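Enquirer: Dropping in start-v2.txt, with compact mmCIF, C-alpha atoms and all ligand atoms.
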```
# COMPACT_ATOMS: atom_id res chain seq x y z
CA MET A 1 0.00 0.00 0.00
CA THR A 2 1.23 3.50 -0.81
CA PRO A 3 1.90 5.38 2.45
CA THR A 4 0.09 8.70 2.83
CA TYR A 5 1.19 11.76 4.74
CA ALA A 6 -0.52 14.91 5.98
CA LYS A 7 -1.46 17.20 3.10
CA ARG A 8 0.86 20.18 2.63
CA PRO A 9 0.58 22.92 0.05
CA LEU A 10 2.70 22.97 -3.08
CA GLN A 11 5.36 20.31 -2.57
CA LEU A 12 3.00 17.41 -1.75
CA ASN A 13 0.17 16.02 -3.86
CA ASP A 14 -3.36 15.33 -2.61
CA LEU A 15 -2.22 11.94 -1.27
CA GLY A 16 0.56 13.64 0.74
CA GLN A 17 3.28 12.27 -1.57
CA LEU A 18 6.21 14.33 -2.83
CA ARG A 19 5.54 16.14 -6.12
CA HIS A 20 8.11 18.96 -5.83
CA PHE A 21 11.10 19.02 -3.46
CA LEU A 22 11.62 22.59 -2.33
CA SER A 23 12.43 22.57 1.38
CA LEU A 24 12.46 20.19 4.35
CA ASP A 25 10.25 22.58 6.29
CA GLY A 26 6.97 20.88 7.23
CA LEU A 27 7.91 17.43 5.87
CA SER A 28 7.17 14.55 8.23
CA LYS A 29 9.61 12.10 9.80
CA GLU A 30 7.86 9.33 7.80
CA LEU A 31 8.47 11.09 4.50
CA LEU A 32 12.13 11.86 5.30
CA THR A 33 12.61 8.23 6.34
CA GLU A 34 11.01 7.05 3.08
CA ILE A 35 13.51 9.20 1.13
CA LEU A 36 16.41 7.68 3.13
CA ASP A 37 15.12 4.12 2.66
CA THR A 38 14.60 4.66 -1.07
CA ALA A 39 18.12 6.12 -1.40
CA ASP A 40 19.54 3.14 0.51
CA SER A 41 17.94 0.83 -2.05
CA PHE A 42 19.54 2.84 -4.90
CA LEU A 43 23.09 2.73 -3.50
CA GLU A 44 23.77 -0.70 -4.98
CA VAL A 45 22.94 0.58 -8.49
CA GLY A 46 26.21 2.53 -8.29
CA ASN A 47 28.13 -0.72 -7.79
CA ARG A 48 26.67 -2.50 -10.86
CA SER A 49 28.58 -2.82 -14.11
CA VAL A 50 25.54 -1.28 -15.86
CA LYS A 51 24.54 1.53 -13.50
CA LYS A 52 20.96 2.02 -14.68
CA VAL A 53 17.36 1.35 -13.68
CA PRO A 54 14.41 2.21 -15.98
CA LEU A 55 12.27 4.27 -13.57
CA LEU A 56 12.44 7.57 -15.50
CA ARG A 57 12.74 6.13 -19.02
CA GLY A 58 11.10 8.54 -21.49
CA LYS A 59 11.17 11.45 -19.00
CA THR A 60 13.20 14.63 -19.48
CA VAL A 61 15.05 16.26 -16.58
CA CYS A 62 16.42 19.80 -17.03
CA ASN A 63 19.24 21.01 -14.78
CA VAL A 64 19.03 24.80 -14.66
CA PHE A 65 21.79 26.23 -12.48
CA PHE A 66 21.90 30.01 -12.15
CA GLU A 67 24.70 29.70 -9.57
CA ASN A 68 27.98 27.75 -9.69
CA SER A 69 28.07 24.13 -8.61
CA THR A 70 30.30 21.09 -8.89
CA ARG A 71 28.74 18.38 -6.70
CA THR A 72 25.02 19.15 -6.89
CA ARG A 73 24.83 19.67 -10.65
CA THR A 74 26.90 16.62 -11.58
CA THR A 75 25.29 14.25 -9.10
CA PHE A 76 21.79 15.32 -10.19
CA GLU A 77 22.86 14.68 -13.77
CA LEU A 78 24.25 11.25 -12.85
CA ALA A 79 21.17 10.43 -10.76
CA ALA A 80 18.80 11.27 -13.62
CA LYS A 81 20.92 9.26 -16.09
CA ARG A 82 21.02 6.26 -13.73
CA LEU A 83 17.21 6.44 -13.67
CA SER A 84 17.32 6.33 -17.53
CA ALA A 85 15.93 9.88 -18.02
CA ASP A 86 16.98 12.17 -20.86
CA VAL A 87 18.98 14.97 -19.26
CA ILE A 88 19.58 18.53 -20.39
CA THR A 89 21.97 20.75 -18.45
CA LEU A 90 21.52 24.41 -19.26
CA ASN A 91 24.68 26.43 -18.82
CA VAL A 92 23.06 29.66 -17.70
CA SER A 93 26.24 31.73 -18.17
CA THR A 94 26.15 30.92 -21.92
CA SER A 95 22.34 30.87 -22.27
CA SER A 96 20.01 33.62 -23.48
CA THR A 97 19.50 34.91 -19.93
CA SER A 98 22.63 36.99 -20.68
CA LYS A 99 20.57 38.66 -23.46
CA GLY A 100 17.91 39.77 -21.01
CA GLU A 101 15.55 36.77 -21.01
CA THR A 102 13.68 36.47 -17.69
CA LEU A 103 13.78 33.39 -15.47
CA THR A 104 10.11 32.69 -16.23
CA ASP A 105 10.61 32.97 -19.99
CA THR A 106 13.65 30.67 -19.88
CA LEU A 107 11.63 28.07 -17.99
CA ARG A 108 8.60 28.45 -20.30
CA ASN A 109 10.87 27.63 -23.26
CA LEU A 110 12.16 24.51 -21.49
CA GLU A 111 8.55 23.54 -20.75
CA ALA A 112 7.81 23.88 -24.46
CA MET A 113 10.47 21.18 -25.02
CA ALA A 114 8.28 18.89 -22.86
CA ALA A 115 10.54 18.85 -19.81
CA ASP A 116 9.10 16.80 -16.95
CA MET A 117 11.36 18.05 -14.15
CA PHE A 118 13.44 21.12 -13.41
CA VAL A 119 16.35 20.94 -10.99
CA VAL A 120 17.05 24.56 -10.13
CA ARG A 121 19.81 26.37 -8.26
CA HIS A 122 19.46 30.11 -7.80
CA ALA A 123 21.13 32.81 -5.72
CA ASP A 124 17.77 34.18 -4.51
CA SER A 125 16.07 32.64 -1.48
CA GLY A 126 12.59 31.51 -2.50
CA ALA A 127 13.44 31.05 -6.21
CA ALA A 128 12.50 27.34 -6.22
CA HIS A 129 9.10 28.04 -4.62
CA PHE A 130 8.48 30.83 -7.13
CA ILE A 131 9.26 28.51 -10.03
CA ALA A 132 7.08 25.71 -8.65
CA GLU A 133 4.18 28.17 -8.41
CA HIS A 134 4.62 29.35 -11.99
CA VAL A 135 5.46 26.24 -14.04
CA SER A 136 2.90 23.95 -15.64
CA PRO A 137 1.25 21.67 -13.05
CA ASP A 138 2.76 18.68 -14.90
CA VAL A 139 6.35 19.75 -14.15
CA ALA A 140 8.11 18.76 -10.91
CA VAL A 141 10.58 21.28 -9.43
CA ILE A 142 13.53 20.18 -7.32
CA ASN A 143 15.50 22.75 -5.35
CA GLY A 144 19.25 22.43 -5.87
CA GLY A 145 19.91 25.30 -3.43
CA ASP A 146 18.24 28.74 -3.22
CA GLY A 147 20.15 31.63 -1.67
CA ARG A 148 20.61 31.13 2.05
CA HIS A 149 17.18 29.47 2.37
CA ALA A 150 17.35 25.73 1.65
CA HIS A 151 19.41 22.92 0.13
CA PRO A 152 17.08 20.00 0.80
CA THR A 153 18.91 17.28 -1.14
CA GLN A 154 22.16 18.23 0.63
CA GLY A 155 20.27 17.98 3.92
CA MET A 156 19.03 14.50 3.01
CA LEU A 157 22.39 13.23 1.76
CA ASP A 158 23.88 14.43 5.03
CA MET A 159 21.18 12.47 6.91
CA LEU A 160 21.93 9.37 4.84
CA THR A 161 25.63 9.76 5.66
CA ILE A 162 24.89 10.05 9.38
CA ARG A 163 22.47 7.10 9.38
CA ARG A 164 24.88 4.84 7.49
CA HIS A 165 27.84 5.70 9.72
CA LYS A 166 26.13 6.25 13.08
CA GLY A 167 22.74 4.49 12.97
CA ASP A 168 19.71 5.87 14.80
CA PHE A 169 19.48 9.68 15.05
CA GLU A 170 17.92 9.88 18.51
CA PRO A 171 20.98 9.41 20.76
CA LEU A 172 23.40 11.44 18.65
CA SER A 173 25.07 14.78 19.35
CA VAL A 174 25.67 16.67 16.11
CA ALA A 175 27.58 19.96 15.82
CA ILE A 176 27.21 22.27 12.79
CA VAL A 177 30.15 24.68 12.73
CA GLY A 178 31.01 27.95 10.99
CA ASP A 179 29.06 30.41 8.87
CA ILE A 180 25.54 29.48 9.94
CA LEU A 181 24.13 32.89 8.97
CA HIS A 182 24.59 32.45 5.22
CA SER A 183 24.19 28.69 5.07
CA ARG A 184 21.23 27.00 3.37
CA VAL A 185 22.87 23.68 4.30
CA ALA A 186 22.77 24.55 8.02
CA ARG A 187 19.04 25.34 7.80
CA SER A 188 18.20 22.13 5.96
CA ASN A 189 20.34 20.08 8.35
CA MET A 190 18.84 21.59 11.49
CA LEU A 191 15.31 20.88 10.21
CA ALA A 192 16.15 17.33 9.12
CA LEU A 193 17.99 16.40 12.32
CA ARG A 194 15.21 17.64 14.58
CA THR A 195 12.48 16.02 12.44
CA LEU A 196 14.35 12.71 12.51
CA GLY A 197 14.53 12.87 16.32
CA CYS A 198 18.16 13.83 16.99
CA ARG A 199 18.18 14.92 20.63
CA ASP A 200 21.26 17.18 20.65
CA VAL A 201 21.84 19.49 17.69
CA ARG A 202 24.43 22.18 18.31
CA VAL A 203 25.51 25.12 16.20
CA ILE A 204 28.90 26.72 16.76
CA GLY A 205 30.17 29.97 15.29
CA PRO A 206 31.13 33.58 15.98
CA LYS A 207 28.22 35.81 17.02
CA THR A 208 28.42 37.72 13.73
CA LEU A 209 27.79 34.50 11.76
CA LEU A 210 24.86 33.21 13.85
CA PRO A 211 21.38 34.30 12.70
CA VAL A 212 18.78 35.53 15.17
CA GLY A 213 15.95 33.11 15.96
CA LEU A 214 18.04 29.92 16.03
CA GLU A 215 16.02 28.73 19.05
CA GLN A 216 13.05 28.00 16.73
CA TYR A 217 15.10 25.10 15.32
CA GLY A 218 15.50 23.48 18.77
CA VAL A 219 19.30 23.70 18.68
CA ARG A 220 21.89 24.66 21.30
CA VAL A 221 24.08 27.61 20.36
CA PHE A 222 27.81 27.89 21.17
CA THR A 223 30.37 30.55 20.34
CA ASP A 224 33.26 28.53 21.80
CA MET A 225 34.56 25.53 19.80
CA ALA A 226 35.94 23.68 22.85
CA GLU A 227 32.55 23.78 24.59
CA GLY A 228 30.50 23.02 21.50
CA LEU A 229 32.58 20.07 20.26
CA GLU A 230 32.72 18.23 23.57
CA ASP A 231 31.73 14.57 23.07
CA VAL A 232 29.86 15.07 19.79
CA ASP A 233 29.31 12.12 17.42
CA VAL A 234 29.20 14.15 14.22
CA VAL A 235 30.92 17.40 13.20
CA ILE A 236 29.52 19.18 10.12
CA MET A 237 31.91 21.95 8.98
CA LEU A 238 30.73 24.79 6.75
CA ARG A 239 32.76 27.14 4.60
CA LEU A 240 32.65 30.93 4.86
CA GLN A 241 30.13 31.95 2.20
CA ARG A 242 31.86 35.12 1.04
CA GLU A 243 29.53 35.43 -1.98
CA ARG A 244 26.60 36.07 0.39
CA MET A 245 28.42 38.23 2.97
CA GLN A 246 27.90 41.96 3.16
CA GLY A 247 30.32 44.06 5.19
CA GLY A 248 33.08 43.01 7.57
CA LEU A 249 31.56 40.18 9.57
CA LEU A 250 35.01 38.70 10.28
CA PRO A 251 38.38 40.22 11.20
CA SER A 252 40.21 37.80 8.82
CA GLU A 253 40.23 34.21 7.57
CA GLY A 254 43.33 33.59 9.72
CA GLU A 255 41.46 34.71 12.84
CA PHE A 256 38.47 32.54 11.90
CA TYR A 257 40.74 29.50 11.52
CA ARG A 258 42.44 30.23 14.84
CA LEU A 259 39.09 30.26 16.67
CA TYR A 260 36.86 27.94 14.62
CA GLY A 261 39.05 25.87 12.28
CA LEU A 262 38.68 22.11 12.74
CA THR A 263 42.20 20.96 13.54
CA THR A 264 43.35 17.51 14.68
CA GLN A 265 43.72 18.93 18.18
CA ARG A 266 40.15 20.28 18.26
CA LEU A 267 38.67 17.13 16.74
CA ALA A 268 40.06 15.24 19.75
CA LEU A 269 37.41 17.03 21.86
CA ALA A 270 34.68 15.08 20.03
CA ARG A 271 34.05 11.37 20.63
CA PRO A 272 36.95 9.19 19.39
CA ASP A 273 34.68 7.64 16.74
CA ALA A 274 33.17 10.96 15.64
CA ILE A 275 32.75 11.50 11.91
CA VAL A 276 33.69 14.71 10.09
CA MET A 277 31.41 16.00 7.33
CA HIS A 278 31.46 18.98 4.98
CA PRO A 279 29.07 19.74 2.08
CA GLY A 280 31.94 21.10 -0.01
CA PRO A 281 33.61 22.98 -1.49
CA ILE A 282 36.14 22.77 1.35
CA ASN A 283 38.59 25.58 2.01
CA ARG A 284 41.68 23.96 3.51
CA GLY A 285 43.28 26.06 6.21
CA VAL A 286 40.21 28.31 6.48
CA GLU A 287 37.58 26.12 8.18
CA ILE A 288 39.31 22.73 8.15
CA GLU A 289 42.88 21.41 8.43
CA SER A 290 43.98 19.21 5.54
CA ALA A 291 44.94 16.39 7.93
CA VAL A 292 41.32 16.34 9.18
CA ALA A 293 39.70 16.66 5.75
CA ASP A 294 41.77 13.73 4.46
CA GLY A 295 41.90 11.83 7.77
CA ALA A 296 40.37 8.55 8.93
CA GLN A 297 37.34 10.23 10.52
CA SER A 298 36.42 12.20 7.39
CA VAL A 299 33.39 10.98 5.40
CA ILE A 300 33.37 14.00 3.09
CA LEU A 301 33.74 12.01 -0.13
CA ASN A 302 31.22 9.39 1.04
CA GLN A 303 28.73 12.27 1.23
CA VAL A 304 29.23 12.89 -2.49
CA THR A 305 28.57 9.23 -3.34
CA TYR A 306 25.44 9.12 -1.15
CA GLY A 307 24.27 12.30 -2.90
CA ILE A 308 23.67 10.37 -6.13
CA ALA A 309 21.39 7.87 -4.35
CA ILE A 310 19.49 10.62 -2.51
CA ARG A 311 18.95 12.51 -5.77
CA MET A 312 17.77 9.31 -7.49
CA ALA A 313 15.29 8.85 -4.62
CA VAL A 314 13.98 12.42 -4.79
CA LEU A 315 13.69 12.47 -8.60
CA SER A 316 11.84 9.14 -8.71
CA MET A 317 9.53 9.96 -5.79
CA ALA A 318 8.62 13.41 -7.16
CA MET A 319 7.94 11.97 -10.61
CA SER A 320 5.73 9.31 -9.13
CA GLY A 321 3.90 11.94 -7.01
CA GLN A 322 3.29 14.05 -10.15
CA THR A 323 1.90 11.06 -12.03
CA ALA A 324 -0.41 10.18 -9.13
CA GLN A 325 -1.66 13.78 -8.98
CA ARG A 326 -2.39 13.77 -12.72
CA GLN A 327 -4.38 10.54 -12.37
CA LEU A 328 -6.37 11.99 -9.47
CA LEU A 329 -7.25 15.08 -11.49
CA ALA A 330 -8.20 12.97 -14.53
CA GLU A 331 -10.53 10.85 -12.39
CA GLU A 332 -12.12 13.97 -10.89
CA GLN A 333 -12.80 15.34 -14.36
CA LYS A 334 -14.55 12.14 -15.58
N1 LIG A 401 27.48 20.99 -1.56
C1 LIG A 401 27.24 21.70 -2.68
O1 LIG A 401 26.12 22.22 -2.89
O2 LIG A 401 28.29 21.76 -3.54
P1 LIG A 401 28.24 22.47 -4.97
O3 LIG A 401 28.10 23.94 -4.73
O4 LIG A 401 29.54 22.10 -5.65
O5 LIG A 401 27.04 21.94 -5.70
```
Turn this file's structure into structure tokens for me.
Ligand code: CP

Expert:
Amino acid sequence: MTPTYAKRPLQLNDLGQLRHFLSLDGLSKELLTEILDTADSFLEVGNRSVKKVPLLRGKTVCNVFFENSTRTRTTFELAAKRLSADVITLNVSTSSTSKGETLTDTLRNLEAMAADMFVVRHADSGAAHFIAEHVSPDVAVINGGDGRHAHPTQGMLDMLTIRRHKGDFEPLSVAIVGDILHSRVARSNMLALRTLGCRDVRVIGPKTLLPVGLEQYGVRVFTDMAEGLEDVDVVIMLRLQRERMQGGLLPSEGEFYRLYGLTTQRLALARPDAIVMHPGPINRGVEIESAVADGAQSVILNQVTYGIAIRMAVLSMAMSGQTAQRQLLAEEQK
């Protein structure tokens, strides 16, 4: 039987199934767990000699990235190809947006090519929601990161990494460290960890890089690394997001590293079996020491591999939710 979830506007269909994937806000523990379980089942596809399943055969997925990306763009492309979809990746810097075409007009043209899904990254918070509200109801929109708002597939691949390396979320202590203020990854991770039942989520950073209102996420806030890292099971490091910073929020990168850089010495404050994560791109010697990034406790490259399976899960679930919604509407119109 298909599981059903509470109805939510926009990103869920009338059965409560995923039809867009825009944010983790408001999604249930059951739905997040279904995404993780589905991704787990896709991991073995990456170990086959023929790395393909036919779930999206005949469907067209458009990657439309208005902001730079290495990991998210390529792993979405791989995920869609492993699901047997046709994939178009629009290079926005060489597209007609540079000739003044609006976002909506660009997307309308891709719709006219019968695209079934858009994977969108944009520098503006809320861009993915805006697009989902304005595209044809037959098109699924997946958020590949919007401004400082949300990066839901990164959040879910981080949860898959934690579950595969640490098991159940409930007893874990997880620290998210660095530039929380500008980080869409921090927001998605805080929401996911709390929804999945993690009892101790900590954020650590200088006051100038901590947003107001963090208490609404149910996290503990630290400005001192030694206090915040004590006995944690998972350390998630974030880079300084200079592209979203306005004004002098930091004295210097050297000062940031001195106070908040994850060095071998600082990592020793966490549990001996703690794992080190980072969404990438990493800045060695700014937020993380090379010996830690490349060390035995680092699972940073595993995160990238798990990202393909999570993106396969999200693409296939959203496509199936869209199809179910279309069938519901067709039955209503009979
Ligand atoms: N983690 C992440 O979003 O990396 P990219 O910017 O390379 O996609």

Enquirer: Could you name the residues that touch segment 275-284 of chain A at 7 Å or less, counting only C-alpha atoms, but leaving out those on the same chain fewer than 5 positions away, as a PyMOL selection string?

Expert: chain A and resi 233-239+289-290+297-300

Enquirer: At a cut-off of 7 Å and counting only C-alpha atoms and all ligand atoms, what residues surround ligand LIG 401 (chain A)? Please answer as a list in words.

Expert: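 The residues near ligand LIG 401 (chain A) are Asn68, Ser69, Thr70, Arg71, Thr72, Arg73, Gly145, Gln154, Pro279, Gly280 and Pro281 of chain A.
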
Enquirer: Here is a test: counting only C-alpha atoms, which residue of A:Ala175, A:Leu18, A:Ala274, A:Ile308 is nearest to Gly295 of chain A?

Expert: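 For Gly295 of chain A, the nearest of the candidates is A:Ala274.
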
Enquirer: Find the distance between atom CA of Ala324 of chain A and atom CA of Asp105 of chain A and write it in Å to one decimal.

Expert: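 Computed distance, atom CA of Ala324 of chain A to atom CA of Asp105 of chain A, equals 27.5 Å.
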
Enquirer: Pick the closest to Pro152 of chain A from A:Val92, A:Val50, A:Leu259, A:Ile310: which is it, counting all atoms listed in the file?

Expert: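 That would be A:Ile310, the residue with the smallest distance to Pro152 of chain A.
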
Enquirer: When you draw a straight line from atom CA of Ser252 of chain A to atom CA of Asp179 of chain A, how long is it in Å?

Expert: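 About the pair atom CA of Ser252 of chain A and atom CA of Asp179 of chain A: they are 13.4 Å apart.
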
Enquirer: In Å, with one decimal, what is the gap from atom CA of Glu34 of chain A to atom CA of Arg199 of chain A?

Expert: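 Distance between the two atoms: 20.5 Å.
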
Enquirer: Could you pull the residues within 12 Å of Ser41 of chain A, counting all atoms listed in the file, minus those fewer than 2 positions along the same chain, as a VMD selection string?

Expert: chain A and resid 34 to 39 43 to 47 53 160 306 308 to 310 312 to 313

Enquirer: Have a look at A:Asp14, A:Asp146, A:Glu230, A:Glu287 and name the one nearest to Ala270 of chain A; count only C-alpha atoms.

Expert: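 Residue with the minimum atom-to-atom distance to Ala270 of chain A: A:Glu230.
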
Enquirer: Nearest to Val221 of chain A among A:Gly285, A:Pro206, A:Pro171, A:Gly254, with distances taken over all atoms listed in the file: which residue is it?

Expert: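 Using all atoms listed in the file, the shortest distance to Val221 of chain A belongs to A:Pro206.
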
Enquirer: Quick one: of A:Leu22, A:Leu191, A:Pro137, A:Pro9, who's nearest to Val219 of chain A, counting all atoms listed in the file?

Expert: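 Nearest to Val219 of chain A: A:Leu191.
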
Enquirer: Distance cut-off 9 Å, centre (11.0, 27.7, -16.3) in file coordinates, counting all atoms listed in the file: which residues qualify? Return them as a list of chain:residue names.

Expert: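 In the file's frame, the residues around the point are A:Val64, A:Leu103, A:Thr104, A:Asp105, A:Thr106, A:Leu107, A:Arg108, A:Asn109, A:Leu110, A:Glu111, A:Phe118, A:Ile131, A:Ala132, A:His134, A:Val135, A:Ser136.
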
Enquirer: Can you tell me which residues surround segment 195-197 of chain A at a distance of at most 6 Å, considering all atoms listed in the file, apart from same-chain residues fewer than 3 positions away, and format the answer as a PyMOL selection string?

Expert: chain A and resi 29+170+192

Enquirer: Using all atoms listed in the file, list the residues that have an atom at most 7 Å from (26.4, 11.6, -9.4), coordinates as in the file, as an mmCIF file with C-alpha atoms, in the coordinates of the input.

Expert:
```cif
data_model
loop_
_atom_site.group_PDB
_atom_site.id
_atom_site.type_symbol
_atom_site.label_atom_id
_atom_site.label_comp_id
_atom_site.auth_asym_id
_atom_site.auth_seq_id
_atom_site.Cartn_x
_atom_site.Cartn_y
_atom_site.Cartn_z
ATOM 1 C CA THR A 74 26.900 16.620 -11.580
ATOM 2 C CA THR A 75 25.290 14.250 -9.100
ATOM 3 C CA PHE A 76 21.790 15.320 -10.190
ATOM 4 C CA GLU A 77 22.860 14.680 -13.770
ATOM 5 C CA LEU A 78 24.250 11.250 -12.850
ATOM 6 C CA ALA A 79 21.170 10.430 -10.760
ATOM 7 C CA THR A 305 28.570 9.230 -3.340
ATOM 8 C CA GLY A 307 24.270 12.300 -2.900
ATOM 9 C CA ILE A 308 23.670 10.370 -6.130
#
```

Enquirer: With all atoms listed in the file as the basis for distance, which of A:Val185, A:Gly178, A:Ser23, A:Met190 is at the shortest distance from Thr223 of chain A?

Expert: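 Going through A:Val185, A:Gly178, A:Ser23, A:Met190 one by one, the smallest distance to Thr223 of chain A is for A:Gly178.
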